[in-house]
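The data block below is upload-v6.txt; it holds compact mmCIF, C-alpha atoms.
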# COMPACT_ATOMS: atom_id res chain seq x y z
CA MET A 30 315.72 -4.58 174.31
CA LYS A 31 315.64 -3.06 170.84
CA HIS A 32 312.31 -3.21 169.00
CA SER A 33 313.83 -5.31 166.19
CA ASN A 34 315.17 -7.80 168.73
CA THR A 35 311.77 -7.93 170.44
CA ASN A 36 310.05 -8.82 167.17
CA ALA A 37 312.68 -11.47 166.42
CA LEU A 38 312.22 -12.94 169.91
CA HIS A 39 308.43 -13.00 169.48
CA GLN A 40 308.77 -14.85 166.19
CA ALA A 41 311.17 -17.34 167.76
CA LEU A 42 308.86 -17.86 170.74
CA TYR A 43 305.88 -18.52 168.48
CA ARG A 44 307.82 -21.20 166.61
CA ILE A 45 308.61 -22.82 169.97
CA LEU A 46 305.05 -22.50 171.30
CA ARG A 47 303.28 -23.87 168.21
CA PRO A 48 304.44 -27.51 168.55
CA LEU A 49 304.27 -27.13 172.35
CA ALA A 50 300.59 -26.20 172.06
CA ARG A 51 299.99 -29.32 169.98
CA LEU A 52 301.62 -31.51 172.64
CA LEU A 53 299.65 -29.85 175.44
CA LEU A 54 296.31 -30.22 173.63
CA ARG A 55 297.02 -33.87 172.87
CA ASN A 56 297.63 -34.47 176.59
CA GLY A 57 294.57 -32.53 177.73
CA VAL A 58 296.33 -29.53 179.26
CA PRO A 59 294.07 -26.43 178.93
CA PHE A 60 295.42 -22.91 178.46
CA GLY A 61 294.66 -21.82 182.04
CA GLU A 62 296.81 -24.61 183.47
CA PHE A 63 299.65 -23.76 181.08
CA ALA A 64 299.36 -20.04 181.90
CA ASP A 65 299.68 -20.81 185.62
CA LEU A 66 302.87 -22.77 184.95
CA VAL A 67 304.23 -19.84 182.94
CA LYS A 68 303.57 -17.50 185.88
CA ARG A 69 305.44 -19.89 188.17
CA ALA A 70 308.40 -20.04 185.81
CA TYR A 71 308.50 -16.23 185.57
CA VAL A 72 308.46 -15.89 189.35
CA GLU A 73 311.16 -18.52 189.90
CA ALA A 74 313.40 -16.95 187.24
CA ALA A 75 312.94 -13.49 188.76
CA LEU A 76 313.66 -14.72 192.29
CA GLU A 77 316.55 -17.06 191.51
CA ASP A 78 318.26 -15.79 188.36
CA PHE A 79 318.18 -12.03 188.87
CA SER A 80 319.29 -11.63 192.46
CA ASP A 81 322.63 -9.96 193.18
CA ASP A 82 325.35 -11.09 195.57
CA ARG A 83 324.14 -8.87 198.39
CA ARG A 84 320.44 -9.64 198.54
CA LYS A 85 317.78 -11.85 197.08
CA THR A 86 315.06 -10.51 194.84
CA THR A 87 312.00 -9.37 196.80
CA ASP A 88 308.39 -10.08 195.89
CA SER A 89 307.98 -6.39 195.00
CA ARG A 90 310.91 -6.41 192.60
CA ALA A 91 309.76 -9.72 191.10
CA ALA A 92 306.33 -8.18 190.55
CA VAL A 93 307.89 -5.24 188.70
CA MET A 94 310.03 -7.56 186.55
CA THR A 95 307.28 -10.04 185.68
CA GLY A 96 304.29 -7.72 185.43
CA LEU A 97 302.41 -9.85 187.98
CA THR A 98 300.86 -8.50 191.15
CA ARG A 99 302.71 -8.93 194.44
CA LYS A 100 299.86 -11.15 195.61
CA GLU A 101 300.34 -13.45 192.61
CA VAL A 102 304.12 -13.48 193.07
CA LYS A 103 303.65 -14.47 196.71
CA ARG A 104 301.20 -17.23 195.75
CA GLN A 105 303.54 -18.69 193.15
CA ARG A 106 306.55 -18.40 195.48
CA GLU A 107 304.71 -20.36 198.18
CA ILE A 108 303.84 -23.07 195.64
CA LEU A 109 307.49 -23.24 194.57
CA THR A 110 308.62 -23.49 198.20
CA GLY A 111 306.30 -26.42 198.74
CA GLU A 112 307.48 -28.14 195.56
CA HIS A 113 311.16 -27.75 196.40
CA SER A 114 310.74 -28.91 200.00
CA GLY A 115 309.15 -32.11 198.74
CA LYS A 116 312.08 -32.98 196.52
CA SER A 117 315.04 -34.40 198.38
CA LYS A 118 316.95 -34.97 195.15
CA VAL A 119 316.32 -34.11 191.52
CA LEU A 120 316.96 -37.13 189.31
CA HIS A 121 318.01 -35.86 185.88
CA ALA A 122 318.54 -39.34 184.56
CA ASN A 123 315.74 -41.83 184.28
CA ARG A 124 316.35 -44.89 186.45
CA ALA A 125 316.13 -47.27 183.50
CA SER A 126 318.73 -45.14 181.72
CA ARG A 127 321.07 -45.44 184.68
CA VAL A 128 320.70 -49.21 184.68
CA VAL A 129 321.65 -49.34 180.99
CA SER A 130 324.56 -46.95 181.57
CA GLY A 131 325.85 -49.08 184.45
CA TRP A 132 325.59 -52.19 182.28
CA VAL A 133 327.67 -50.47 179.59
CA HIS A 134 330.37 -48.91 181.79
CA ASP A 135 330.67 -50.89 185.03
CA THR A 136 333.43 -53.46 184.55
CA ALA A 137 331.67 -55.81 186.96
CA PHE A 138 328.95 -56.28 184.33
CA GLN A 139 331.23 -56.54 181.28
CA ASN A 140 332.71 -59.54 179.52
CA ARG A 141 336.41 -60.09 178.82
CA LYS A 142 336.22 -57.90 175.72
CA GLY A 143 334.93 -54.96 177.74
CA GLU A 144 331.43 -55.22 176.27
CA PRO A 145 328.17 -55.55 178.25
CA ALA A 146 327.98 -59.15 179.46
CA LEU A 147 325.05 -61.53 179.28
CA LEU A 148 323.40 -61.45 182.70
CA SER A 149 321.25 -63.91 184.58
CA PHE A 150 318.25 -62.40 186.31
CA ASP A 151 319.26 -63.43 189.85
CA GLY A 152 322.48 -64.20 191.66
CA PRO A 153 325.90 -62.52 192.01
CA LEU A 154 326.64 -59.89 189.34
CA SER A 155 323.17 -60.48 187.89
CA PHE A 156 320.62 -58.12 186.41
CA SER A 157 318.96 -57.84 189.81
CA GLU A 158 322.26 -56.72 191.34
CA LEU A 159 322.75 -54.23 188.49
CA VAL A 160 319.33 -52.71 189.18
CA LYS A 161 320.03 -52.54 192.91
CA ARG A 162 323.32 -50.76 192.27
CA TYR A 163 322.02 -48.20 189.76
CA SER A 164 318.27 -47.90 190.36
CA GLY A 165 317.92 -47.98 194.13
CA ASP A 166 314.71 -49.59 195.34
CA MET A 167 313.10 -50.20 191.94
CA PRO A 168 311.93 -53.83 191.56
CA PRO A 169 314.25 -55.60 189.08
CA ARG A 170 311.30 -57.30 187.37
CA ALA A 171 309.61 -53.93 186.68
CA VAL A 172 312.82 -52.50 185.19
CA LEU A 173 313.34 -55.61 183.07
CA ASP A 174 309.76 -55.57 181.78
CA GLU A 175 310.21 -51.96 180.65
CA LEU A 176 313.56 -52.64 178.94
CA LEU A 177 312.08 -55.69 177.22
CA ARG A 178 309.07 -53.64 176.11
CA VAL A 179 311.16 -51.03 174.29
CA GLY A 180 313.61 -53.57 172.85
CA VAL A 181 316.67 -52.48 174.81
CA VAL A 182 317.03 -55.96 176.32
CA SER A 183 316.27 -59.41 174.91
CA VAL A 184 316.38 -62.93 176.33
CA ASP A 185 318.91 -65.38 174.89
CA GLY A 186 316.99 -68.37 173.56
CA SER A 187 319.50 -71.01 174.61
CA SER A 188 320.75 -69.82 178.01
CA GLY A 189 317.87 -67.61 179.14
CA ASP A 190 320.36 -64.88 180.00
CA LEU A 191 319.59 -61.23 179.37
CA VAL A 192 321.25 -59.50 176.40
CA LEU A 193 321.72 -55.73 176.10
CA GLU A 194 320.61 -54.95 172.53
CA GLN A 195 320.96 -51.14 172.66
CA ARG A 196 323.28 -48.88 174.62
CA ALA A 197 320.55 -46.34 175.37
CA TYR A 198 317.05 -46.43 176.88
CA ILE A 199 314.49 -44.52 174.83
CA PRO A 200 310.88 -44.72 176.05
CA ALA A 201 308.06 -44.46 173.53
CA GLY A 202 304.95 -42.32 173.21
CA ASP A 203 303.70 -39.76 175.72
CA SER A 204 304.82 -41.89 178.66
CA LYS A 205 305.90 -40.32 181.94
CA GLU A 206 309.53 -41.15 181.12
CA MET A 207 309.32 -39.67 177.62
CA LEU A 208 307.76 -36.48 178.93
CA GLN A 209 310.56 -36.22 181.50
CA ILE A 210 313.12 -36.50 178.70
CA PHE A 211 311.16 -33.92 176.69
CA GLY A 212 311.35 -31.44 179.56
CA GLU A 213 315.05 -31.99 180.10
CA ASP A 214 316.04 -31.88 176.43
CA VAL A 215 314.09 -28.73 175.58
CA SER A 216 315.19 -26.91 178.74
CA ASP A 217 318.83 -27.85 178.06
CA LEU A 218 318.61 -26.53 174.49
CA VAL A 219 316.97 -23.26 175.53
CA ALA A 220 319.50 -22.80 178.36
CA SER A 221 322.40 -23.32 175.94
CA ILE A 222 320.94 -20.84 173.45
CA ASP A 223 320.37 -18.29 176.23
CA TYR A 224 323.96 -18.78 177.42
CA ASN A 225 325.30 -18.27 173.90
CA LEU A 226 323.23 -15.12 173.35
CA VAL A 227 324.99 -13.40 176.27
CA SER A 228 328.35 -15.21 176.20
CA SER A 229 330.08 -12.55 174.08
CA GLU A 230 328.96 -9.80 176.47
CA SER A 231 330.17 -11.73 179.52
CA GLY A 232 333.45 -12.78 177.91
CA HIS A 233 332.64 -16.51 178.10
CA GLN A 234 333.30 -19.07 175.41
CA PRO A 235 330.00 -20.04 173.73
CA LEU A 236 328.75 -23.60 174.10
CA PHE A 237 328.79 -25.85 171.05
CA GLN A 238 325.54 -25.46 169.11
CA ARG A 239 325.24 -26.51 165.47
CA THR A 240 322.45 -27.56 163.12
CA LEU A 241 322.60 -29.17 159.68
CA THR A 242 319.63 -28.08 157.54
CA TYR A 243 318.58 -28.38 153.88
CA ASN A 244 315.16 -27.36 152.58
CA ASN A 245 314.90 -28.84 149.07
CA ILE A 246 315.48 -32.57 149.57
CA PRO A 247 313.59 -35.01 147.28
CA PRO A 248 311.21 -37.23 149.28
CA GLU A 249 312.45 -40.43 147.64
CA ILE A 250 315.75 -40.32 149.58
CA MET A 251 314.17 -39.64 152.99
CA ALA A 252 313.99 -43.27 154.12
CA ARG A 253 317.72 -43.74 153.43
CA TRP A 254 318.54 -40.40 155.06
CA ARG A 255 316.60 -41.27 158.23
CA ARG A 256 318.50 -44.56 158.58
CA HIS A 257 321.88 -42.94 157.84
CA ALA A 258 321.29 -40.03 160.24
CA ALA A 259 320.17 -42.38 163.01
CA GLU A 260 323.13 -44.73 162.56
CA GLN A 261 325.75 -41.97 162.45
CA SER A 262 324.20 -40.07 165.37
CA GLN A 263 324.06 -43.22 167.49
CA GLN A 264 327.71 -43.97 166.73
CA LEU A 265 328.76 -40.46 167.73
CA LEU A 266 326.82 -40.59 171.00
CA GLU A 267 328.32 -43.97 171.84
CA GLN A 268 331.83 -42.62 171.19
CA LEU A 269 331.17 -39.65 173.49
CA ASP A 270 329.61 -41.98 176.06
CA ARG A 271 332.73 -44.17 176.10
CA TRP A 272 334.83 -41.08 176.86
CA LEU A 273 332.61 -39.38 179.44
CA GLY A 274 330.80 -42.28 181.11
CA PRO A 275 333.79 -43.67 183.04
CA HIS A 276 334.26 -40.23 184.67
CA ASP A 277 330.78 -40.34 186.27
CA ARG A 278 331.33 -40.80 190.01
CA ASP A 279 328.37 -43.15 190.34
CA ILE A 280 330.05 -45.46 187.82
CA SER A 281 333.72 -44.95 188.69
CA GLY A 282 333.14 -45.02 192.44
CA LYS A 283 335.74 -42.27 192.84
CA LYS A 284 335.06 -39.52 195.36
CA ASP A 285 336.94 -36.23 195.61
CA VAL A 286 337.89 -36.36 199.26
CA GLY A 287 337.90 -32.92 200.86
CA SER A 288 336.45 -31.22 197.78
CA ASN A 289 333.37 -29.03 198.20
CA ALA A 290 333.02 -28.42 194.47
CA GLN A 291 329.55 -29.12 193.13
CA PRO A 292 329.28 -31.89 190.51
CA VAL A 293 328.47 -30.84 186.97
CA ARG A 294 325.67 -32.15 184.78
CA THR A 295 326.79 -32.11 181.15
CA GLY A 296 326.13 -33.85 177.87
CA VAL A 297 325.40 -33.55 174.17
CA SER A 298 321.94 -33.84 172.60
CA ILE A 299 321.26 -34.87 169.01
CA PHE A 300 317.79 -34.79 167.50
CA TYR A 301 316.47 -35.42 164.02
CA PHE A 302 313.82 -33.26 162.35
CA GLU A 303 311.95 -33.06 159.08
CA ASP A 304 309.20 -30.75 157.94
CA PRO A 305 307.47 -30.87 154.53
CA MET A 306 308.04 -27.59 152.71
CA THR A 307 304.97 -25.67 151.52
CA ILE A 308 305.20 -24.87 147.81
CA ASN A 309 304.12 -21.38 146.79
CA PRO A 310 301.01 -21.88 144.58
CA ALA A 311 301.96 -18.95 142.35
CA ARG A 312 305.42 -20.37 141.82
CA LYS A 313 304.05 -23.85 141.13
CA ALA A 314 301.59 -22.50 138.57
CA GLY A 315 304.35 -20.62 136.82
CA GLU A 316 306.74 -23.57 136.58
CA GLY A 317 307.46 -24.65 133.01
CA GLU A 318 306.53 -21.32 131.47
Full structure transcribed into structure tokens:
Amino acid sequence: MKHSNTNALHQALYRILRPLARLLLRNGVPFGEFADLVKRAYVEAALEDFSDDRRKTTDSRAAVMTGLTRKEVKRQREILTGEHSGKSKVLHANRASRVVSGWVHDTAFQNRKGEPALLSFDGPLSFSELVKRYSGDMPPRAVLDELLRVGVVSVDGSSGDLVLEQRAYIPAGDSKEMLQIFGEDVSDLVASIDYNLVSSESGHQPLFQRTLTYNNIPPEIMARWRRHAAEQSQQLLEQLDRWLGPHDRDISGKKDVGSNAQPVRTGVSIFYFEDPMTINPARKAGEGE
């Protein structure tokens, strides 16, 4: 890598690591624990992402690539083997999210207008049946309590039926679910950026990646901008969800008989950001001269 590119990468990494360090410190994760996770990620990337078609990457080659000792590579590889063997299936979607998605897309739980129907808690085509269909063995009451807590579901005052208030489940705070979403969203963004950095060399079409940014916005319009950005972003995601959701095999029930093709995980992420700009003291002092 060219020296100029190395410096640019270091600067980009520091910008990524700075808010990450804040999150780790707030959750009591010391540097040593983080450093061990970084070693594991280096070893897994070396072993899985840089092997050729003829042979897998050896511990010795991984040690050369990562700068770790062969002993450390072996230790991390054994930890990874144990982690992977204990995971029968990786769930990329939170179970509560799948329940909400099923409520939105599954015609069995829609009204005549094609919108999410009001559901009783028990009985045929009820909330309990929805949870059983899309959340496996999770207790329906536990799922309902969580959806009520975050305001995704409400209880109709007259009938006692359950009403879907939002078409997406968004946990709050540093909960286990929110941290899972954090890991998925950030890893997806970094993977897309990495793909786009090498797409021209490999002859592949780059993935869509755009950002709207202004850096001199008056603070008095920020409340309106937050509301407008949230409303428009939610509308766009719901439009995309209406197009893509029915194609999900778990929702459509369609199976490609005789096909060995692996299913694809895909989507679009939208996130809002704001950061107060630091005014140069010299410039501020000179204003009005």
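Our summary of the geometry notes that atom CA of Leu38 of chain A is positioned 17.8 Å from atom CA of Ala70 of chain A.
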Exercise: segment 222-224 of chain A partners within 10 Å, all atoms listed in the file, chain neighbours under 4 positions left out, as a ChimeraX atom specification: /A:216-218,228-229,231,233-238
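As for atom CA of His276 of chain A and atom CA of Leu193 of chain A, they are spaced 21.7 Å apart.
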Selection as a PyMOL selection string: residues within 12 Å of (316.4, -43.5, 174.0), counting all atoms listed in the file: chain A and resi 122-123+125-127+129-130+176+179-181+195-202+206-207+209-211+214+259+263+266+298-300
Interatomic distance between atom CA of Glu175 of chain A and atom CA of Val128 of chain A? 11.6 Å
Excluding same-chain residues fewer than 6 positions from Glu77 of chain A, what lies within 12 Å of it counting all atoms listed in the file, as a CSV table (one decimal) with C-alpha atoms, keeping the file's coordinate frame?
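Final output, out.csv:
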chain,number,residue,atom,x,y,z
A,69,ARG,CA,305.4,-19.9,188.2
A,70,ALA,CA,308.4,-20.0,185.8
A,71,TYR,CA,308.5,-16.2,185.6
A,84,ARG,CA,320.4,-9.6,198.5
A,85,LYS,CA,317.8,-11.8,197.1
A,86,THR,CA,315.1,-10.5,194.8
A,87,THR,CA,312.0,-9.4,196.8
A,88,ASP,CA,308.4,-10.1,195.9
A,91,ALA,CA,309.8,-9.7,191.1
A,106,ARG,CA,306.6,-18.4,195.5
A,109,LEU,CA,307.5,-23.2,194.6
Contacts of Gly131 of chain A at 7 Å or less, counting only C-alpha atoms, minus same-chain residues fewer than 4 places along, as an mmCIF file with C-alpha atoms, in the coordinates of the input?
data_model
loop_
_atom_site.group_PDB
_atom_site.id
_atom_site.type_symbol
_atom_site.label_atom_id
_atom_site.label_comp_id
_atom_site.auth_asym_id
_atom_site.auth_seq_id
_atom_site.Cartn_x
_atom_site.Cartn_y
_atom_site.Cartn_z
ATOM 1 C CA ARG A 127 321.070 -45.440 184.680
ATOM 2 C CA ASP A 135 330.670 -50.890 185.030
ATOM 3 C CA TYR A 163 322.020 -48.200 189.760
ATOM 4 C CA ILE A 280 330.050 -45.460 187.820
#
Nearby residues (all atoms listed in the file) at most 9 Å from segment 301-306 of chain A, same-chain spacing under 2 positions excluded, as a list of chain:residue names: A:Asn244, A:Asn245, A:Arg255, A:Ala258, A:Ala259, A:Ile299, A:Ile308
